[in-house]
file query11.cif (mmCIF, C-alpha atoms)
data_start
loop_
_atom_site.label_atom_id
_atom_site.label_comp_id
_atom_site.auth_asym_id
_atom_site.auth_seq_id
_atom_site.Cartn_x
_atom_site.Cartn_y
_atom_site.Cartn_z
CA GLY A 750 -71.81 -111.59 9.63
CA GLN A 751 -70.05 -114.83 10.25
CA SER A 752 -67.09 -115.54 12.50
CA LEU A 753 -65.12 -118.57 13.62
CA GLU A 754 -62.73 -119.20 16.48
CA GLN A 755 -60.06 -121.90 16.50
CA PRO A 756 -56.76 -122.21 18.39
CA SER A 757 -53.82 -120.66 16.60
CA GLU A 758 -51.43 -123.50 17.36
CA VAL A 759 -51.57 -127.07 18.67
CA THR A 760 -48.65 -129.39 19.38
CA ALA A 761 -48.91 -133.18 19.48
CA VAL A 762 -46.71 -136.25 19.38
CA GLU A 763 -46.36 -138.62 16.44
CA GLY A 764 -48.75 -141.57 16.80
CA ALA A 765 -51.03 -139.72 19.21
CA ILE A 766 -54.52 -138.24 18.76
CA VAL A 767 -55.26 -134.53 18.53
CA GLN A 768 -58.49 -132.55 18.49
CA ILE A 769 -58.82 -129.12 16.89
CA ASN A 770 -61.86 -127.19 18.06
CA CYS A 771 -63.89 -124.62 16.18
CA THR A 772 -66.72 -122.42 17.40
CA TYR A 773 -68.70 -120.34 14.97
CA GLN A 774 -71.30 -117.62 14.77
CA THR A 775 -73.55 -117.40 11.76
CA SER A 776 -77.16 -116.95 10.82
CA GLY A 777 -78.81 -119.59 8.73
CA PHE A 778 -76.14 -122.22 9.38
CA TYR A 779 -75.74 -124.48 6.37
CA GLY A 780 -72.59 -126.52 7.00
CA LEU A 781 -69.13 -126.70 8.56
CA SER A 782 -66.14 -127.94 6.62
CA TRP A 783 -62.47 -128.55 7.30
CA TYR A 784 -59.45 -127.92 5.11
CA GLN A 785 -55.76 -128.74 5.42
CA GLN A 786 -53.00 -126.54 4.06
CA HIS A 787 -49.32 -127.38 4.05
CA ASP A 788 -46.79 -124.55 3.91
CA GLY A 789 -46.58 -123.27 0.35
CA GLY A 790 -49.48 -125.45 -0.75
CA ALA A 791 -53.13 -124.97 -1.55
CA PRO A 792 -55.92 -125.88 0.89
CA THR A 793 -57.32 -129.37 0.45
CA PHE A 794 -60.77 -130.48 1.55
CA LEU A 795 -60.96 -132.88 4.49
CA SER A 796 -64.56 -133.17 5.62
CA TYR A 797 -68.01 -131.61 5.81
CA ASN A 798 -70.76 -131.69 8.42
CA ALA A 799 -74.26 -130.40 7.89
CA LEU A 800 -75.97 -132.47 10.58
CA ASP A 801 -75.04 -133.16 14.20
CA GLY A 802 -72.70 -136.04 14.80
CA LEU A 803 -69.46 -137.56 13.71
CA GLU A 804 -68.20 -138.04 10.16
CA GLU A 805 -65.24 -140.40 9.74
CA THR A 806 -62.81 -140.50 6.84
CA GLY A 807 -59.85 -142.74 7.53
CA ARG A 808 -57.65 -141.26 10.25
CA PHE A 809 -59.65 -138.03 10.25
CA SER A 810 -63.04 -137.48 11.87
CA SER A 811 -65.13 -134.34 12.18
CA PHE A 812 -67.88 -133.61 14.68
CA LEU A 813 -70.64 -131.03 14.70
CA SER A 814 -73.05 -129.79 17.35
CA ARG A 815 -75.38 -127.21 15.83
CA SER A 816 -77.00 -126.38 19.17
CA ASP A 817 -73.57 -125.44 20.58
CA SER A 818 -72.31 -123.84 17.33
CA TYR A 819 -69.27 -126.03 17.76
CA GLY A 820 -67.30 -128.55 15.82
CA TYR A 821 -63.98 -130.31 15.98
CA LEU A 822 -61.55 -132.17 13.78
CA LEU A 823 -60.00 -135.30 15.25
CA LEU A 824 -56.77 -136.65 13.83
CA GLN A 825 -55.68 -140.13 14.90
CA GLU A 826 -52.37 -141.97 14.56
CA LEU A 827 -50.61 -138.71 13.85
CA GLN A 828 -47.88 -138.75 11.24
CA MET A 829 -45.19 -136.16 10.59
CA LYS A 830 -46.87 -135.34 7.28
CA ASP A 831 -49.92 -134.13 9.24
CA SER A 832 -47.92 -131.06 10.24
CA ALA A 833 -49.94 -128.33 8.52
CA SER A 834 -52.52 -125.63 9.11
CA TYR A 835 -56.12 -126.70 9.55
CA PHE A 836 -59.03 -124.40 8.78
CA CYS A 837 -62.66 -124.71 9.71
CA ALA A 838 -65.08 -122.95 7.40
CA VAL A 839 -68.77 -122.18 7.71
CA ARG A 840 -71.45 -121.37 5.19
CA GLY A 841 -74.50 -119.50 6.47
CA GLY A 842 -77.45 -117.70 5.01
CA GLY A 843 -79.17 -121.01 4.45
CA GLY A 844 -76.48 -121.83 1.91
CA ALA A 845 -76.60 -118.51 0.10
CA ASP A 846 -73.58 -116.96 1.80
CA GLY A 847 -69.99 -117.44 0.77
CA LEU A 848 -67.67 -119.74 2.68
CA THR A 849 -66.08 -118.04 5.70
CA PHE A 850 -62.81 -119.51 6.97
CA GLY A 851 -61.33 -119.42 10.45
CA LYS A 852 -57.81 -118.07 10.93
CA GLY A 853 -56.42 -121.60 10.99
CA THR A 854 -54.71 -123.85 13.52
CA HIS A 855 -51.04 -124.61 12.99
CA LEU A 856 -50.50 -128.23 14.00
CA ILE A 857 -46.97 -129.13 15.05
CA ILE A 858 -46.10 -132.83 15.25
CA GLN A 859 -43.16 -133.80 17.41
CA PRO A 860 -41.35 -137.15 17.02
CA LYS G 231 -58.48 -135.33 -14.49
CA ALA G 232 -56.52 -132.09 -14.44
CA GLY G 233 -56.77 -129.95 -11.32
CA VAL G 234 -57.62 -126.29 -10.97
CA THR G 235 -55.16 -124.09 -12.82
CA GLN G 236 -54.43 -120.45 -12.18
CA THR G 237 -52.46 -118.01 -14.27
CA PRO G 238 -50.19 -116.30 -13.79
CA ARG G 239 -48.56 -117.90 -10.76
CA TYR G 240 -46.61 -114.78 -9.82
CA LEU G 241 -47.20 -111.15 -10.58
CA ILE G 242 -45.56 -107.88 -9.59
CA LYS G 243 -47.51 -104.69 -10.12
CA THR G 244 -47.22 -101.05 -9.17
CA ARG G 245 -49.71 -99.10 -7.08
CA GLY G 246 -52.51 -97.69 -9.20
CA GLN G 247 -52.27 -100.35 -11.89
CA GLN G 248 -54.89 -103.00 -12.51
CA VAL G 249 -54.53 -106.75 -12.74
CA THR G 250 -56.52 -109.67 -14.13
CA LEU G 251 -56.14 -113.18 -12.75
CA SER G 252 -57.42 -116.28 -14.47
CA CYS G 253 -58.78 -119.57 -13.17
CA SER G 254 -59.67 -122.77 -15.03
CA PRO G 255 -61.77 -125.12 -12.90
CA ILE G 256 -61.71 -128.90 -12.95
CA SER G 257 -63.56 -130.23 -15.98
CA GLY G 258 -67.25 -130.56 -15.17
CA HIS G 259 -67.14 -128.19 -12.21
CA ARG G 260 -69.53 -125.29 -12.62
CA SER G 261 -68.89 -123.28 -9.46
CA VAL G 262 -65.83 -121.11 -8.94
CA SER G 263 -64.92 -119.20 -5.80
CA TRP G 264 -62.12 -116.71 -5.20
CA TYR G 265 -60.25 -116.06 -1.96
CA GLN G 266 -57.54 -113.73 -0.78
CA GLN G 267 -54.99 -115.16 1.64
CA THR G 268 -52.66 -113.00 3.73
CA PRO G 269 -50.69 -113.77 6.90
CA GLY G 270 -52.69 -111.23 8.88
CA GLN G 271 -56.24 -111.81 7.69
CA GLY G 272 -56.06 -115.46 6.67
CA LEU G 273 -58.36 -116.79 3.96
CA GLN G 274 -61.01 -114.27 3.02
CA PHE G 275 -63.89 -114.92 0.63
CA LEU G 276 -64.05 -112.64 -2.39
CA PHE G 277 -66.87 -113.97 -4.57
CA GLU G 278 -68.50 -117.10 -5.87
CA TYR G 279 -69.83 -117.81 -9.35
CA PHE G 280 -72.12 -120.47 -10.66
CA SER G 281 -73.44 -120.72 -14.20
CA GLU G 282 -71.94 -117.34 -15.10
CA THR G 283 -73.79 -115.61 -12.26
CA GLN G 284 -72.24 -114.12 -9.17
CA ARG G 285 -73.99 -115.89 -6.30
CA ASN G 286 -72.44 -113.99 -3.43
CA LYS G 287 -69.72 -111.51 -2.66
CA GLY G 288 -67.44 -110.98 0.30
CA ASN G 289 -66.68 -107.75 2.09
CA PHE G 290 -64.23 -106.25 -0.39
CA PRO G 291 -64.31 -102.87 -2.12
CA GLY G 292 -65.71 -102.45 -5.59
CA ARG G 293 -62.18 -102.43 -6.99
CA PHE G 294 -62.41 -106.20 -6.83
CA SER G 295 -64.59 -107.72 -9.53
CA GLY G 296 -64.93 -110.99 -11.33
CA ARG G 297 -66.77 -112.88 -13.96
CA GLN G 298 -67.38 -116.41 -15.15
CA PHE G 299 -67.58 -117.56 -18.73
CA SER G 300 -69.82 -120.14 -20.33
CA ASN G 301 -67.05 -122.76 -20.10
CA SER G 302 -66.90 -122.12 -16.31
CA ARG G 303 -63.50 -120.45 -16.53
CA SER G 304 -63.32 -117.39 -14.31
CA GLU G 305 -61.35 -114.18 -14.08
CA MET G 306 -60.99 -111.67 -11.29
CA ASN G 307 -59.88 -108.10 -11.72
CA VAL G 308 -58.44 -105.68 -9.23
CA SER G 309 -58.29 -102.05 -10.31
CA THR G 310 -56.29 -99.20 -8.80
CA LEU G 311 -54.01 -101.54 -6.91
CA GLU G 312 -52.98 -100.70 -3.34
CA LEU G 313 -50.04 -102.02 -1.34
CA GLY G 314 -52.49 -103.91 0.85
CA ASP G 315 -53.67 -105.95 -2.12
CA SER G 316 -50.43 -107.92 -1.99
CA ALA G 317 -51.58 -111.45 -1.24
CA LEU G 318 -52.03 -114.96 -2.50
CA TYR G 319 -55.22 -115.17 -4.57
CA LEU G 320 -56.76 -118.61 -4.58
CA CYS G 321 -59.40 -119.96 -6.87
CA ALA G 322 -61.46 -123.01 -5.96
CA SER G 323 -63.92 -125.02 -7.99
CA SER G 324 -66.74 -127.36 -7.04
CA LEU G 325 -69.30 -129.39 -8.91
CA SER G 326 -72.19 -127.12 -8.10
CA TRP G 327 -73.28 -124.29 -5.83
CA GLY G 328 -74.01 -125.15 -2.24
CA GLY G 329 -73.90 -128.78 -1.21
CA SER G 330 -70.97 -130.29 0.64
CA ASP G 331 -68.57 -127.36 0.20
CA GLU G 332 -65.99 -129.76 -1.19
CA GLN G 333 -63.93 -127.23 -3.04
CA TYR G 334 -60.76 -127.94 -4.98
CA PHE G 335 -58.20 -125.19 -4.78
CA GLY G 336 -55.72 -124.11 -7.39
CA PRO G 337 -52.08 -123.28 -6.56
CA GLY G 338 -52.86 -119.57 -6.37
CA THR G 339 -51.48 -116.39 -7.88
CA ARG G 340 -48.96 -114.56 -5.74
CA LEU G 341 -49.53 -110.82 -6.31
CA THR G 342 -46.99 -108.30 -5.07
CA VAL G 343 -47.87 -104.60 -5.28
CA THR G 344 -44.95 -102.17 -5.02
#
call {"tool": "encode", "arguments": {"input": "query11.cif", "output": "structure tokens"}}
result
Amino acid sequence: GQSLEQPSEVTAVEGAIVQINCTYQTSGFYGLSWYQQHDGGAPTFLSYNALDGLEETGRFSSFLSRSDSYGYLLLQELQMKDSASYFCAVRGGGGADGLTFGKGTHLIIQP
Amino acid sequence: KAGVTQTPRYLIKTRGQQVTLSCSPISGHRSVSWYQQTPGQGLQFLFEYFSETQRNKGNFPGRFSGRQFSNSRSEMNVSTLELGDSALYLCASSLSWGGSDEQYFGPGTRLTVT
């Protein structure tokens, strides 16, 4: 099976940088993705990593280390609207398995 | 371009009944996935369809089933409802199967089983 571990809650200050870590276990790793979900809203796609390294999209960056089965999401210049839950998700089985989500990290932004 | 739509948005059913939920993907998207979201278990994968074929299935009992039509629209069915089936059911579409896992989620159907 597949499993992911991420912190349940992280608190940060507006304007600062925060990193949300994710470790995973899967066979036939295919890719790691990140989603954001605001309370009462639907998850929205943020980023995807299939190869080692950093992917940057505006204020958000995502990193992957396949040898360590580890990834993180980096949020810079935090804004109050970034308060949300962030999920990492992994697809294994060489791409044949369904997408397995972590339990999510609730990010709290303080002014 | 219109987003993913799900109907109905809210549903109240009684134990033992069955329910059918509908999902219309973004135009041009051929892959549809279904998820169950609950406070305790989080987002759990139900099944994924591409070109009318179920490509994979999560760890749910056989009471949960789905299908995809030739226009990529998808339905999921839950038979013999149990109290524990109360959840938000989310549908997500993507251009194709596999790839970047960039999925677009619908607003969900909130199912309450009494």
call {"tool": "closest_atom_pairs", "arguments": {"input": "query11.cif", "of": "chain A", "to": "chain G", "cutoff": "12 Å", "atoms": "only C-alpha atoms", "output": "JSON lines"}}
result
{"residue": "A:Gly750", "atom": "CA", "partner": "G:Asn289", "partner_atom": "CA", "distance": 9.9}
{"residue": "A:Gln751", "atom": "CA", "partner": "G:Gly288", "partner_atom": "CA", "distance": 11.0}
{"residue": "A:Ser752", "atom": "CA", "partner": "G:Gln274", "partner_atom": "CA", "distance": 11.3}
{"residue": "A:Leu753", "atom": "CA", "partner": "G:Gly272", "partner_atom": "CA", "distance": 11.8}
{"residue": "A:Ser757", "atom": "CA", "partner": "G:Gly272", "partner_atom": "CA", "distance": 11.4}
{"residue": "A:Tyr779", "atom": "CA", "partner": "G:Gly328", "partner_atom": "CA", "distance": 8.8}
{"residue": "A:Gly780", "atom": "CA", "partner": "G:Ser330", "partner_atom": "CA", "distance": 7.6}
{"residue": "A:Leu781", "atom": "CA", "partner": "G:Asp331", "partner_atom": "CA", "distance": 8.4}
{"residue": "A:Ser782", "atom": "CA", "partner": "G:Asp331", "partner_atom": "CA", "distance": 6.9}
{"residue": "A:Trp783", "atom": "CA", "partner": "G:Glu332", "partner_atom": "CA", "distance": 9.3}
{"residue": "A:Tyr784", "atom": "CA", "partner": "G:Glu332", "partner_atom": "CA", "distance": 9.3}
{"residue": "A:Gln785", "atom": "CA", "partner": "G:Phe335", "partner_atom": "CA", "distance": 11.1}
{"residue": "A:Gln786", "atom": "CA", "partner": "G:Phe335", "partner_atom": "CA", "distance": 10.3}
{"residue": "A:His787", "atom": "CA", "partner": "G:Pro337", "partner_atom": "CA", "distance": 11.7}
{"residue": "A:Asp788", "atom": "CA", "partner": "G:Pro337", "partner_atom": "CA", "distance": 11.8}
{"residue": "A:Gly789", "atom": "CA", "partner": "G:Pro337", "partner_atom": "CA", "distance": 8.8}
{"residue": "A:Gly790", "atom": "CA", "partner": "G:Pro337", "partner_atom": "CA", "distance": 6.7}
{"residue": "A:Ala791", "atom": "CA", "partner": "G:Pro337", "partner_atom": "CA", "distance": 5.4}
{"residue": "A:Pro792", "atom": "CA", "partner": "G:Phe335", "partner_atom": "CA", "distance": 6.2}
{"residue": "A:Thr793", "atom": "CA", "partner": "G:Tyr334", "partner_atom": "CA", "distance": 6.6}
{"residue": "A:Phe794", "atom": "CA", "partner": "G:Glu332", "partner_atom": "CA", "distance": 5.9}
{"residue": "A:Leu795", "atom": "CA", "partner": "G:Glu332", "partner_atom": "CA", "distance": 8.2}
{"residue": "A:Ser796", "atom": "CA", "partner": "G:Glu332", "partner_atom": "CA", "distance": 7.7}
{"residue": "A:Tyr797", "atom": "CA", "partner": "G:Ser330", "partner_atom": "CA", "distance": 6.1}
{"residue": "A:Asn798", "atom": "CA", "partner": "G:Ser330", "partner_atom": "CA", "distance": 7.9}
{"residue": "A:Ala799", "atom": "CA", "partner": "G:Ser330", "partner_atom": "CA", "distance": 8.0}
{"residue": "A:Leu800", "atom": "CA", "partner": "G:Ser330", "partner_atom": "CA", "distance": 11.3}
{"residue": "A:Ser834", "atom": "CA", "partner": "G:Gly272", "partner_atom": "CA", "distance": 11.0}
{"residue": "A:Tyr835", "atom": "CA", "partner": "G:Leu273", "partner_atom": "CA", "distance": 11.6}
{"residue": "A:Phe836", "atom": "CA", "partner": "G:Leu273", "partner_atom": "CA", "distance": 9.0}
{"residue": "A:Cys837", "atom": "CA", "partner": "G:Leu273", "partner_atom": "CA", "distance": 10.7}
{"residue": "A:Ala838", "atom": "CA", "partner": "G:Asp331", "partner_atom": "CA", "distance": 9.1}
{"residue": "A:Val839", "atom": "CA", "partner": "G:Asp331", "partner_atom": "CA", "distance": 9.1}
{"residue": "A:Arg840", "atom": "CA", "partner": "G:Asp331", "partner_atom": "CA", "distance": 8.3}
{"residue": "A:Gly841", "atom": "CA", "partner": "G:Gly328", "partner_atom": "CA", "distance": 10.4}
{"residue": "A:Gly842", "atom": "CA", "partner": "G:Asn286", "partner_atom": "CA", "distance": 10.5}
{"residue": "A:Gly843", "atom": "CA", "partner": "G:Gly328", "partner_atom": "CA", "distance": 9.4}
{"residue": "A:Gly844", "atom": "CA", "partner": "G:Gly328", "partner_atom": "CA", "distance": 5.9}
{"residue": "A:Ala845", "atom": "CA", "partner": "G:Asn286", "partner_atom": "CA", "distance": 7.1}
{"residue": "A:Asp846", "atom": "CA", "partner": "G:Asn286", "partner_atom": "CA", "distance": 6.1}
{"residue": "A:Gly847", "atom": "CA", "partner": "G:Asn286", "partner_atom": "CA", "distance": 6.0}
{"residue": "A:Leu848", "atom": "CA", "partner": "G:Phe275", "partner_atom": "CA", "distance": 6.5}
{"residue": "A:Thr849", "atom": "CA", "partner": "G:Phe275", "partner_atom": "CA", "distance": 6.3}
{"residue": "A:Phe850", "atom": "CA", "partner": "G:Leu273", "partner_atom": "CA", "distance": 6.0}
{"residue": "A:Gly851", "atom": "CA", "partner": "G:Gly272", "partner_atom": "CA", "distance": 7.6}
{"residue": "A:Lys852", "atom": "CA", "partner": "G:Gly272", "partner_atom": "CA", "distance": 5.3}
{"residue": "A:Gly853", "atom": "CA", "partner": "G:Gly272", "partner_atom": "CA", "distance": 7.5}
{"residue": "A:Thr854", "atom": "CA", "partner": "G:Gly272", "partner_atom": "CA", "distance": 10.9}
call {"tool": "residues_near_point", "arguments": {"input": "query11.cif", "point": "(-49.4, -111.2, -12.8)", "cutoff": "12 Å", "atoms": "only C-alpha atoms", "output": "ChimeraX atom specification"}}
result
/G:236-244,247-252,306-308,316-319,338-343
call {"tool": "write_last_selection", "arguments": {"input": "query11.cif", "atoms": "C-alpha atoms", "output": "PDB file, in the coordinates of the input"}}
result
ATOM      1  CA  GLN G 236     -54.430-120.450 -12.180  1.00  0.00           C
ATOM      2  CA  THR G 237     -52.460-118.010 -14.270  1.00  0.00           C
ATOM      3  CA  PRO G 238     -50.190-116.300 -13.790  1.00  0.00           C
ATOM      4  CA  ARG G 239     -48.560-117.900 -10.760  1.00  0.00           C
ATOM      5  CA  TYR G 240     -46.610-114.780  -9.820  1.00  0.00           C
ATOM      6  CA  LEU G 241     -47.200-111.150 -10.580  1.00  0.00           C
ATOM      7  CA  ILE G 242     -45.560-107.880  -9.590  1.00  0.00           C
ATOM      8  CA  LYS G 243     -47.510-104.690 -10.120  1.00  0.00           C
ATOM      9  CA  THR G 244     -47.220-101.050  -9.170  1.00  0.00           C
ATOM     10  CA  GLN G 247     -52.270-100.350 -11.890  1.00  0.00           C
ATOM     11  CA  GLN G 248     -54.890-103.000 -12.510  1.00  0.00           C
ATOM     12  CA  VAL G 249     -54.530-106.750 -12.740  1.00  0.00           C
ATOM     13  CA  THR G 250     -56.520-109.670 -14.130  1.00  0.00           C
ATOM     14  CA  LEU G 251     -56.140-113.180 -12.750  1.00  0.00           C
ATOM     15  CA  SER G 252     -57.420-116.280 -14.470  1.00  0.00           C
ATOM     16  CA  MET G 306     -60.990-111.670 -11.290  1.00  0.00           C
ATOM     17  CA  ASN G 307     -59.880-108.100 -11.720  1.00  0.00           C
ATOM     18  CA  VAL G 308     -58.440-105.680  -9.230  1.00  0.00           C
ATOM     19  CA  SER G 316     -50.430-107.920  -1.990  1.00  0.00           C
ATOM     20  CA  ALA G 317     -51.580-111.450  -1.240  1.00  0.00           C
ATOM     21  CA  LEU G 318     -52.030-114.960  -2.500  1.00  0.00           C
ATOM     22  CA  TYR G 319     -55.220-115.170  -4.570  1.00  0.00           C
ATOM     23  CA  GLY G 338     -52.860-119.570  -6.370  1.00  0.00           C
ATOM     24  CA  THR G 339     -51.480-116.390  -7.880  1.00  0.00           C
ATOM     25  CA  ARG G 340     -48.960-114.560  -5.740  1.00  0.00           C
ATOM     26  CA  LEU G 341     -49.530-110.820  -6.310  1.00  0.00           C
ATOM     27  CA  THR G 342     -46.990-108.300  -5.070  1.00  0.00           C
ATOM     28  CA  VAL G 343     -47.870-104.600  -5.280  1.00  0.00           C
TER      29      VAL G 343
END
call {"tool": "closest_residue", "arguments": {"input": "query11.cif", "among": "A:Leu803, A:Leu813, A:Leu822, A:Leu827", "to": "Asn770 (chain A)", "atoms": "all atoms listed in the file"}}
result
A:Leu822
call {"tool": "closest_residue", "arguments": {"input": "query11.cif", "among": "G:Lys231, G:Gln266, G:Glu282, G:Ile256", "to": "Phe299 (chain G)", "atoms": "all atoms listed in the file"}}
result
G:Glu282
call {"tool": "closest_residue", "arguments": {"input": "query11.cif", "among": "A:Gln825, A:Gln859, A:Ser832, A:Thr760", "to": "Ser811 (chain A)", "atoms": "all atoms listed in the file"}}
result
A:Gln825
call {"tool": "resolve_selection", "arguments": {"input": "query11.cif", "expression": "the PyMOL selection byres ((chain A and resi 766) around 10)", "output": "PyMOL selection string"}}
result
chain A and resi 761-765+767-768+808-809+823-827
call {"tool": "residues_around", "arguments": {"input": "query11.cif", "residues": "region 323-326 of chain G", "least_positions_apart": "4", "cutoff": "6 Å", "atoms": "all atoms listed in the file", "output": "PyMOL selection string"}}
result
chain G and resi 255+259-262+333-334
call {"tool": "atom_distance", "arguments": {"input": "query11.cif", "atom1": "CA of Glu758 (chain A)", "atom2": "CA of Leu856 (chain A)"}}
result
5.9 Å
call {"tool": "atom_distance", "arguments": {"input": "query11.cif", "atom1": "CA of Ser818 (chain A)", "atom2": "CA of Ala833 (chain A)"}}
result
24.5 Å
call {"tool": "atom_distance", "arguments": {"input": "query11.cif", "atom1": "CA of Asp801 (chain A)", "atom2": "CA of Gln755 (chain A)"}}
result
18.9 Å
call {"tool": "residues_around", "arguments": {"input": "query11.cif", "residues": "Ser254 (chain G)", "least_positions_apart": "4", "cutoff": "7 Å", "atoms": "all atoms listed in the file", "output": "list in words"}}
result
Val234, Thr235, Gln236, Arg303 and Ser304 of chain G
call {"tool": "build_atoms", "arguments": {"input": "query11.cif", "residues": "region 260-280 of chain G", "atoms": "N, CA and C atoms", "output": "compact mmCIF listing (two decimals), in the frame of the given file"}}
result
# COMPACT_ATOMS: atom_id res chain seq x y z
N ARG G 260 -68.84 -126.47 -12.14
CA ARG G 260 -69.53 -125.29 -12.62
C ARG G 260 -69.47 -124.12 -11.65
N SER G 261 -68.96 -124.35 -10.44
CA SER G 261 -68.89 -123.28 -9.46
C SER G 261 -67.44 -122.90 -9.21
N VAL G 262 -67.18 -121.61 -9.19
CA VAL G 262 -65.83 -121.11 -8.94
C VAL G 262 -65.90 -120.05 -7.84
N SER G 263 -65.01 -120.18 -6.87
CA SER G 263 -64.92 -119.20 -5.80
C SER G 263 -63.51 -118.61 -5.79
N TRP G 264 -63.41 -117.38 -5.32
CA TRP G 264 -62.12 -116.71 -5.20
C TRP G 264 -61.89 -116.30 -3.76
N TYR G 265 -60.63 -116.42 -3.32
CA TYR G 265 -60.25 -116.06 -1.96
C TYR G 265 -58.95 -115.29 -1.99
N GLN G 266 -58.80 -114.42 -1.00
CA GLN G 266 -57.54 -113.73 -0.78
C GLN G 266 -56.92 -114.27 0.50
N GLN G 267 -55.67 -114.64 0.44
CA GLN G 267 -54.99 -115.16 1.64
C GLN G 267 -53.80 -114.29 1.99
N THR G 268 -53.78 -113.78 3.21
CA THR G 268 -52.66 -113.00 3.73
C THR G 268 -52.32 -113.51 5.12
N PRO G 269 -51.08 -113.31 5.57
CA PRO G 269 -50.69 -113.77 6.90
C PRO G 269 -51.55 -113.15 8.01
N GLY G 270 -51.95 -111.91 7.83
CA GLY G 270 -52.69 -111.23 8.88
C GLY G 270 -54.17 -111.54 8.92
N GLN G 271 -54.78 -111.63 7.77
CA GLN G 271 -56.24 -111.81 7.69
C GLN G 271 -56.65 -113.25 7.37
N GLY G 272 -55.71 -114.08 7.00
CA GLY G 272 -56.06 -115.46 6.67
C GLY G 272 -56.74 -115.55 5.32
N LEU G 273 -57.62 -116.54 5.20
CA LEU G 273 -58.36 -116.79 3.96
C LEU G 273 -59.66 -116.01 3.98
N GLN G 274 -59.80 -115.09 3.06
CA GLN G 274 -61.01 -114.27 3.02
C GLN G 274 -61.74 -114.47 1.69
N PHE G 275 -63.04 -114.68 1.79
CA PHE G 275 -63.89 -114.92 0.63
C PHE G 275 -64.07 -113.64 -0.18
N LEU G 276 -63.86 -113.77 -1.48
CA LEU G 276 -64.05 -112.64 -2.39
C LEU G 276 -65.41 -112.73 -3.09
N PHE G 277 -65.58 -113.74 -3.91
CA PHE G 277 -66.87 -113.97 -4.57
C PHE G 277 -66.96 -115.39 -5.07
N GLU G 278 -68.20 -115.74 -5.43
CA GLU G 278 -68.50 -117.10 -5.87
C GLU G 278 -69.39 -117.01 -7.10
N TYR G 279 -69.07 -117.79 -8.12
CA TYR G 279 -69.83 -117.81 -9.35
C TYR G 279 -70.36 -119.20 -9.64
N PHE G 280 -71.53 -119.21 -10.21
CA PHE G 280 -72.12 -120.47 -10.66
C PHE G 280 -72.95 -120.17 -11.90
